[in-house]
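Participant: Please see the structure below; I have some questions.
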Amino acid sequence: MSADAARAARDGGPAPWGVSGLDRMRTVAGSRWRRRAGRLLDLLFPTRCVSCGDFGALLCAECRCWLQPLGAEYCPRCGRPGAAVSKGGWCADCVDRDLHFVSARSAFLYTDVARRVIAALKYGGERGLAEIMAQEALPAFREVVAEVPSPVVTWVPSHASTRSARGFNQAQLFARALVAGSGRQLNAWELVRKTRATPRQQTLSREERSRNLARSFAPVRLPARGVPVSPWGAAEDVGGIVVVDDVYTTGATASEVAGVAAENWGVPVHVFTFARAMHQVSDLRD
Ligand SMILES: [Zn+2]
Ligand SMILES: [Zn+2]
């Protein structure tokens with residue numbers, strides 16, 4: 001089969017003029033087979049809600065309602081919800097911490113539905129959830145980018161080994177879906193890369209997480225300070241960077257990435273995540 005015919009067969013489009021009758025028959029049969037196979041797969045494996053298991057949608061309308069927004073009260077620095085502020089307006093959880101971002105904000109609490117959604121995206125490979133997460137998180141995201149002049153959106157990178165095993169970086173998918181749905185002309189650039197594979201963080205304390213992550217990130221490029229340069233080479237005036245991730249647990253990862261971005265681009269760095277884990281200061285083994 002010619003390259004064009006193969007492309008047409010793959011895309012399900014009409015066979016291009018000039019292919020042989022046999023190729024055309026193969027192409028038509030191929031696209032019919034694919035449509036039938038698709039319908040069969042839909043019958044055998046219908047779309048189910050990743051949270052409640054109901055048929056019909058990846059995340060059903062009822063489960064979307066169970067996502068818990070953070071509410072109006074949160075620490076202006078680390079985004080801890082409901083936090084009583086202490087000196088400098090910072091909460092007791094972050095007042096003694098050396099965080100490299102100016103502010104962190106999350107759309108939802110890391111409760112049942114948010115947990116299941118993130119797990120299904122990350123470990124279940126349900127990429128379509130990134131767009132659903134973005135739809136739900138857009139109101140909070142718009143508020144964050146509205147406060148940053150000419151923001152550049154980036155994401156917490158994953159190591160190449162994780163990306164090749166998983167096939168994608170969920171933070172990048174979520175960030176790109178947020179930018180696409182924002183209704184604004186936002187730049188989304190890869191600014192930081194992960195240079196070292198690190199053990200999974202789940203069972204580590206805050207200090208262990210920081211040690212685990214130290215020197216694991218590097219800038220993608222080193223433009224002049226204060227003047228980030230886009231991957232296509234044009235200098236831009238950027239007033240701040242928004243680092244996107246799926247979940248904020250202790251803030252160790254977000255802070256490391258923010259530190260690399262702030263040091264290399266000389267602009268304030270903000271963090272935005274879909275969910276925010278709640279934990280006591282003394283109980284960080286989330
Ligand atoms: Zn559901
Ligand atoms: Zn705080």
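Letters A, B, ... mark the chains of the structure tokens in the order given; residue numbers begin at 1 per chain; ligand numbers begin at 1, in order shown.
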Can you tell me which residues come within 7 Å of ligand 2 when counting only C-alpha atoms and all ligand atoms, ideally as a list in words?

Facilitator: Cys75, Pro76, Arg77, Cys78, Gly79, Arg80, Trp90, Cys91, Ala92, Asp93, Cys94 and Val95 of chain A

Participant: Residues at most 6 Å from A:Ala107, counting only C-alpha atoms, excluding those fewer than 5 positions away in the same chain, as number ranges by chain?

Facilitator: A: 69, 137, 140, 274-275

Participant: Take the residues from that selection and write them out as a short mmCIF file (atom, residue, chain, number, x, y, z; two decimals), in the first residue's frame, keeping N, CA and C atoms.

Facilitator:
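Saved file selection.cif follows:
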```
data_model
loop_
_atom_site.label_atom_id
_atom_site.label_comp_id
_atom_site.auth_asym_id
_atom_site.auth_seq_id
_atom_site.Cartn_x
_atom_site.Cartn_y
_atom_site.Cartn_z
N PRO A 69 -14.25 22.25 46.67
CA PRO A 69 -13.40 23.44 46.46
C PRO A 69 -12.74 23.86 47.78
N ALA A 137 -11.26 22.84 37.30
CA ALA A 137 -10.32 23.71 38.01
C ALA A 137 -10.19 25.10 37.39
N ALA A 140 -10.67 28.53 39.45
CA ALA A 140 -9.56 28.82 40.37
C ALA A 140 -8.30 29.19 39.60
N PHE A 274 -4.31 20.87 41.05
CA PHE A 274 -5.72 20.44 41.03
C PHE A 274 -6.20 20.20 42.45
N ALA A 275 -5.38 19.51 43.24
CA ALA A 275 -5.83 19.14 44.59
C ALA A 275 -4.79 19.50 45.64
#
```

Participant: Can I get the residues close to ligand 1 as a ChimeraX atom specification, where close means within 7 Å and we count only C-alpha atoms and all ligand atoms?

Facilitator: /A:49-54,59-63

Participant: Which residues are close to A:Phe272, i.e. within 12 Å by only C-alpha atoms, leaving aside same-chain residues fewer than 6 positions away? Reply as a ChimeraX atom specification.

Facilitator: /A:77-79,101-108,134,137-145,153-156,171,174-175,178,241-248,251,254-255,258

Participant: Go ahead and save the residues from that selection, with N, CA and C atoms, as a short mmCIF file (atom, residue, chain, number, x, y, z; two decimals), in the first residue's frame.

Facilitator:
```cif
data_model
loop_
_atom_site.label_atom_id
_atom_site.label_comp_id
_atom_site.auth_asym_id
_atom_site.auth_seq_id
_atom_site.Cartn_x
_atom_site.Cartn_y
_atom_site.Cartn_z
N ARG A 77 0.29 32.30 51.23
CA ARG A 77 1.59 31.83 50.75
C ARG A 77 1.54 30.37 50.29
N CYS A 78 1.19 29.46 51.20
CA CYS A 78 1.26 28.03 50.83
C CYS A 78 -0.09 27.48 50.40
N GLY A 79 -1.14 28.26 50.55
CA GLY A 79 -2.45 27.82 50.07
C GLY A 79 -3.16 26.85 50.99
N PHE A 101 8.43 29.44 46.19
CA PHE A 101 7.36 30.07 45.40
C PHE A 101 6.73 31.20 46.22
N VAL A 102 6.11 32.12 45.51
CA VAL A 102 5.47 33.26 46.15
C VAL A 102 4.10 32.85 46.69
N SER A 103 3.39 32.05 45.93
CA SER A 103 2.08 31.60 46.38
C SER A 103 1.76 30.24 45.78
N ALA A 104 0.95 29.49 46.51
CA ALA A 104 0.45 28.21 45.99
C ALA A 104 -1.05 28.20 46.19
N ARG A 105 -1.74 27.68 45.20
CA ARG A 105 -3.19 27.66 45.27
C ARG A 105 -3.67 26.37 44.62
N SER A 106 -4.71 25.76 45.20
CA SER A 106 -5.27 24.53 44.63
C SER A 106 -6.75 24.73 44.39
N ALA A 107 -7.28 23.95 43.46
CA ALA A 107 -8.71 24.08 43.16
C ALA A 107 -9.57 23.30 44.16
N PHE A 108 -9.11 22.08 44.52
CA PHE A 108 -9.95 21.22 45.36
C PHE A 108 -9.13 20.56 46.47
N ALA A 134 -9.22 19.95 34.17
CA ALA A 134 -9.05 21.36 33.81
C ALA A 134 -10.39 22.08 33.78
N ALA A 137 -11.26 22.84 37.30
CA ALA A 137 -10.32 23.71 38.01
C ALA A 137 -10.19 25.10 37.39
N LEU A 138 -10.81 25.30 36.22
CA LEU A 138 -10.60 26.57 35.49
C LEU A 138 -10.95 27.83 36.29
N PRO A 139 -12.06 27.87 37.03
CA PRO A 139 -12.35 29.10 37.78
C PRO A 139 -11.20 29.50 38.72
N ALA A 140 -10.67 28.53 39.45
CA ALA A 140 -9.56 28.82 40.37
C ALA A 140 -8.30 29.19 39.60
N PHE A 141 -8.04 28.49 38.48
CA PHE A 141 -6.85 28.77 37.68
C PHE A 141 -6.91 30.19 37.09
N ARG A 142 -8.09 30.58 36.61
CA ARG A 142 -8.23 31.92 36.02
C ARG A 142 -7.90 32.99 37.06
N GLU A 143 -8.32 32.76 38.31
CA GLU A 143 -8.02 33.75 39.37
C GLU A 143 -6.51 33.85 39.58
N VAL A 144 -5.82 32.72 39.53
CA VAL A 144 -4.37 32.74 39.75
C VAL A 144 -3.65 33.48 38.62
N VAL A 145 -3.96 33.15 37.38
CA VAL A 145 -3.23 33.79 36.27
C VAL A 145 -3.63 35.26 36.11
N VAL A 153 3.00 29.70 31.74
CA VAL A 153 2.57 28.50 32.46
C VAL A 153 3.55 27.37 32.16
N THR A 154 3.96 26.69 33.21
CA THR A 154 4.80 25.51 33.04
C THR A 154 4.27 24.42 33.96
N TRP A 155 4.98 23.32 34.12
CA TRP A 155 4.47 22.20 34.91
C TRP A 155 5.62 21.52 35.63
N VAL A 156 5.27 20.75 36.65
CA VAL A 156 6.28 19.97 37.35
C VAL A 156 6.70 18.85 36.40
N ALA A 171 1.05 16.16 34.87
CA ALA A 171 1.05 17.60 35.17
C ALA A 171 1.07 18.42 33.88
N PHE A 174 -2.40 18.25 32.25
CA PHE A 174 -3.31 19.11 33.00
C PHE A 174 -3.02 20.58 32.69
N ALA A 175 -1.74 20.96 32.68
CA ALA A 175 -1.36 22.35 32.41
C ALA A 175 -1.81 22.77 31.01
N LEU A 178 -5.51 23.28 30.90
CA LEU A 178 -5.88 24.54 31.56
C LEU A 178 -5.66 25.73 30.63
N ILE A 241 5.80 33.22 36.63
CA ILE A 241 5.66 31.84 36.13
C ILE A 241 4.65 31.12 37.01
N VAL A 242 3.76 30.36 36.39
CA VAL A 242 2.81 29.55 37.14
C VAL A 242 3.16 28.08 36.90
N VAL A 243 3.58 27.40 37.96
CA VAL A 243 3.94 25.98 37.87
C VAL A 243 2.70 25.14 38.21
N VAL A 244 2.32 24.26 37.30
CA VAL A 244 1.11 23.45 37.49
C VAL A 244 1.49 22.02 37.88
N ASP A 245 0.74 21.47 38.82
CA ASP A 245 0.92 20.06 39.19
C ASP A 245 -0.44 19.45 39.52
N ASP A 246 -0.48 18.13 39.67
CA ASP A 246 -1.77 17.50 39.99
C ASP A 246 -2.14 17.67 41.46
N VAL A 247 -1.18 17.41 42.35
CA VAL A 247 -1.51 17.50 43.77
C VAL A 247 -0.37 18.14 44.56
N TYR A 248 -0.74 18.96 45.56
CA TYR A 248 0.22 19.56 46.47
C TYR A 248 0.13 18.77 47.77
N GLY A 251 4.49 20.31 49.54
CA GLY A 251 5.03 21.49 48.87
C GLY A 251 6.49 21.33 48.51
N ALA A 254 6.93 21.19 44.58
CA ALA A 254 6.59 22.50 44.00
C ALA A 254 7.68 23.51 44.33
N SER A 255 8.20 23.47 45.56
CA SER A 255 9.22 24.42 45.97
C SER A 255 10.53 24.21 45.22
N ALA A 258 9.97 25.45 41.69
CA ALA A 258 9.85 26.91 41.72
C ALA A 258 11.22 27.55 41.92
#
```

Participant: Which one is closest to A:Pro81: A:Leu44, A:Ala214, A:Leu109, A:Ala120? Count only C-alpha atoms.

Facilitator: A:Leu109

Participant: Restricting the calculation to only C-alpha atoms: of A:Gln185, A:Ser158, A:Gln68, A:Ser205, which residue gets closest to A:Leu173?

Facilitator: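 Smallest separation from A:Leu173 among the options: A:Ser158.
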
Participant: At what distance in Å, to one decimal, does atom CA of A:Tyr110 lie from atom CA of A:Thr162?

Facilitator: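 Separation between atom CA of A:Thr162 and atom CA of A:Tyr110: 22.8 Å.
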
Participant: Would you work out the distance separating atom CA of A:Gly240 from atom CA of A:Gly266, expressed in Å to one decimal?

Facilitator: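 Atom CA of A:Gly266 lies at a distance of 8.8 Å from atom CA of A:Gly240.
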
Participant: Tell me which of A:Ser216, A:Thr111, A:Ser182, A:Ser164 sits closest to A:Val260, counting only C-alpha atoms.

Facilitator: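 Distance minimum relative to A:Val260 lands on A:Ser216.
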
Participant: Between atom CA of A:His100 and atom CA of A:Pro219, what is the spacing in Å?

Facilitator: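 Calculated distance between atom CA of A:Pro219 and atom CA of A:His100 is 14.7 Å.
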
Participant: Please report, as a PyMOL selection string, each residue of stretch 54-172 of chain A to which DSSP assigns alpha helix (DSSP H) when run on this structure's backbone.

Facilitator: chain A and resi 61-65+112-122+128-146+160-166+170-172

Participant: Take the selection from the previous step and output its residues with C-alpha atoms, as a PDB file, in the first residue's frame.

Facilitator:
```
ATOM      1  CA  ALA A  61     -21.917  14.723  36.884  1.00  0.00           C
ATOM      2  CA  GLU A  62     -22.708  13.572  40.416  1.00  0.00           C
ATOM      3  CA  CYS A  63     -19.079  12.781  41.260  1.00  0.00           C
ATOM      4  CA  ARG A  64     -17.997  16.139  39.819  1.00  0.00           C
ATOM      5  CA  CYS A  65     -20.299  17.703  42.419  1.00  0.00           C
ATOM      6  CA  ASP A 112     -12.127  10.861  47.791  1.00  0.00           C
ATOM      7  CA  VAL A 113     -13.157  11.923  44.283  1.00  0.00           C
ATOM      8  CA  ALA A 114     -10.032  14.030  43.655  1.00  0.00           C
ATOM      9  CA  ARG A 115      -7.850  11.129  44.831  1.00  0.00           C
ATOM     10  CA  ARG A 116      -9.547   8.659  42.511  1.00  0.00           C
ATOM     11  CA  VAL A 117      -9.402  11.033  39.555  1.00  0.00           C
ATOM     12  CA  ILE A 118      -5.680  11.691  39.983  1.00  0.00           C
ATOM     13  CA  ALA A 119      -4.923   7.987  40.520  1.00  0.00           C
ATOM     14  CA  ALA A 120      -6.918   7.017  37.403  1.00  0.00           C
ATOM     15  CA  LEU A 121      -5.026   9.592  35.327  1.00  0.00           C
ATOM     16  CA  LYS A 122      -1.602   8.824  36.756  1.00  0.00           C
ATOM     17  CA  GLY A 128      -9.069  12.148  29.060  1.00  0.00           C
ATOM     18  CA  LEU A 129      -9.284  13.019  32.750  1.00  0.00           C
ATOM     19  CA  ALA A 130      -6.730  15.830  32.339  1.00  0.00           C
ATOM     20  CA  GLU A 131      -9.270  17.811  30.337  1.00  0.00           C
ATOM     21  CA  ILE A 132     -12.075  17.067  32.807  1.00  0.00           C
ATOM     22  CA  MET A 133      -9.819  18.148  35.690  1.00  0.00           C
ATOM     23  CA  ALA A 134      -9.046  21.360  33.806  1.00  0.00           C
ATOM     24  CA  GLN A 135     -12.744  22.073  33.190  1.00  0.00           C
ATOM     25  CA  GLU A 136     -13.420  21.793  36.924  1.00  0.00           C
ATOM     26  CA  ALA A 137     -10.316  23.710  38.015  1.00  0.00           C
ATOM     27  CA  LEU A 138     -10.598  26.569  35.494  1.00  0.00           C
ATOM     28  CA  PRO A 139     -12.355  29.096  37.775  1.00  0.00           C
ATOM     29  CA  ALA A 140      -9.558  28.824  40.373  1.00  0.00           C
ATOM     30  CA  PHE A 141      -6.849  28.773  37.679  1.00  0.00           C
ATOM     31  CA  ARG A 142      -8.227  31.920  36.022  1.00  0.00           C
ATOM     32  CA  GLU A 143      -8.018  33.747  39.366  1.00  0.00           C
ATOM     33  CA  VAL A 144      -4.369  32.739  39.751  1.00  0.00           C
ATOM     34  CA  VAL A 145      -3.225  33.786  36.273  1.00  0.00           C
ATOM     35  CA  ALA A 146      -5.258  37.007  36.492  1.00  0.00           C
ATOM     36  CA  ALA A 160      12.326  10.573  31.233  1.00  0.00           C
ATOM     37  CA  SER A 161      12.148   7.047  32.683  1.00  0.00           C
ATOM     38  CA  THR A 162       8.769   7.780  34.324  1.00  0.00           C
ATOM     39  CA  ARG A 163       7.488   9.431  31.147  1.00  0.00           C
ATOM     40  CA  SER A 164       8.456   6.500  28.974  1.00  0.00           C
ATOM     41  CA  ALA A 165       6.945   3.980  31.409  1.00  0.00           C
ATOM     42  CA  ARG A 166       3.709   5.977  31.794  1.00  0.00           C
ATOM     43  CA  GLN A 170       0.050  14.115  33.970  1.00  0.00           C
ATOM     44  CA  ALA A 171       1.054  17.598  35.170  1.00  0.00           C
ATOM     45  CA  GLN A 172       1.881  18.607  31.592  1.00  0.00           C
TER      46      GLN A 172
END
```

Participant: Assign secondary structure with DSSP using the backbone only, and return the residues of stretch 123-274 of chain A in strand (DSSP E or B) as a PyMOL selection string.

Facilitator: chain A and resi 151-155+187-188+192-194+217-219+229+235+240-248+269-274

Participant: Just write the chosen residues, C-alpha atoms, as a PDB file, in the first residue's frame.

Facilitator:
```pdb
ATOM      1  CA  PRO A 151       2.317  34.832  32.944  1.00  0.00           C
ATOM      2  CA  VAL A 152       4.094  31.838  31.517  1.00  0.00           C
ATOM      3  CA  VAL A 153       2.568  28.500  32.457  1.00  0.00           C
ATOM      4  CA  THR A 154       4.804  25.508  33.036  1.00  0.00           C
ATOM      5  CA  TRP A 155       4.468  22.197  34.906  1.00  0.00           C
ATOM      6  CA  ASN A 187       2.274  30.795  26.873  1.00  0.00           C
ATOM      7  CA  ALA A 188       2.881  27.247  28.060  1.00  0.00           C
ATOM      8  CA  VAL A 192      12.311  22.840  34.092  1.00  0.00           C
ATOM      9  CA  ARG A 193      13.353  19.239  33.551  1.00  0.00           C
ATOM     10  CA  LYS A 194      13.894  16.424  36.000  1.00  0.00           C
ATOM     11  CA  PHE A 217      15.659  19.537  38.678  1.00  0.00           C
ATOM     12  CA  ALA A 218      17.423  21.798  36.178  1.00  0.00           C
ATOM     13  CA  PRO A 219      16.365  24.621  33.871  1.00  0.00           C
ATOM     14  CA  VAL A 229      13.104  33.275  25.905  1.00  0.00           C
ATOM     15  CA  ALA A 235      12.177  37.376  23.843  1.00  0.00           C
ATOM     16  CA  GLY A 240       5.707  35.595  36.554  1.00  0.00           C
ATOM     17  CA  ILE A 241       5.660  31.842  36.128  1.00  0.00           C
ATOM     18  CA  VAL A 242       2.806  29.546  37.141  1.00  0.00           C
ATOM     19  CA  VAL A 243       3.937  25.977  37.872  1.00  0.00           C
ATOM     20  CA  VAL A 244       1.109  23.445  37.486  1.00  0.00           C
ATOM     21  CA  ASP A 245       0.920  20.055  39.190  1.00  0.00           C
ATOM     22  CA  ASP A 246      -1.772  17.499  39.986  1.00  0.00           C
ATOM     23  CA  VAL A 247      -1.508  17.499  43.774  1.00  0.00           C
ATOM     24  CA  TYR A 248       0.223  19.564  46.470  1.00  0.00           C
ATOM     25  CA  VAL A 269       6.879  31.835  40.710  1.00  0.00           C
ATOM     26  CA  HIS A 270       3.363  30.759  41.655  1.00  0.00           C
ATOM     27  CA  VAL A 271       2.057  27.220  42.026  1.00  0.00           C
ATOM     28  CA  PHE A 272      -1.309  25.874  40.964  1.00  0.00           C
ATOM     29  CA  THR A 273      -2.499  22.333  41.616  1.00  0.00           C
ATOM     30  CA  PHE A 274      -5.715  20.445  41.028  1.00  0.00           C
TER      31      PHE A 274
END
```

Participant: May I ask which of the residues A:Leu67, A:Thr249, A:Glu147, A:Leu58 is the closest one to A:Arg127, counting only C-alpha atoms?

Facilitator: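 Closest to A:Arg127, using only C-alpha atoms: A:Leu58.
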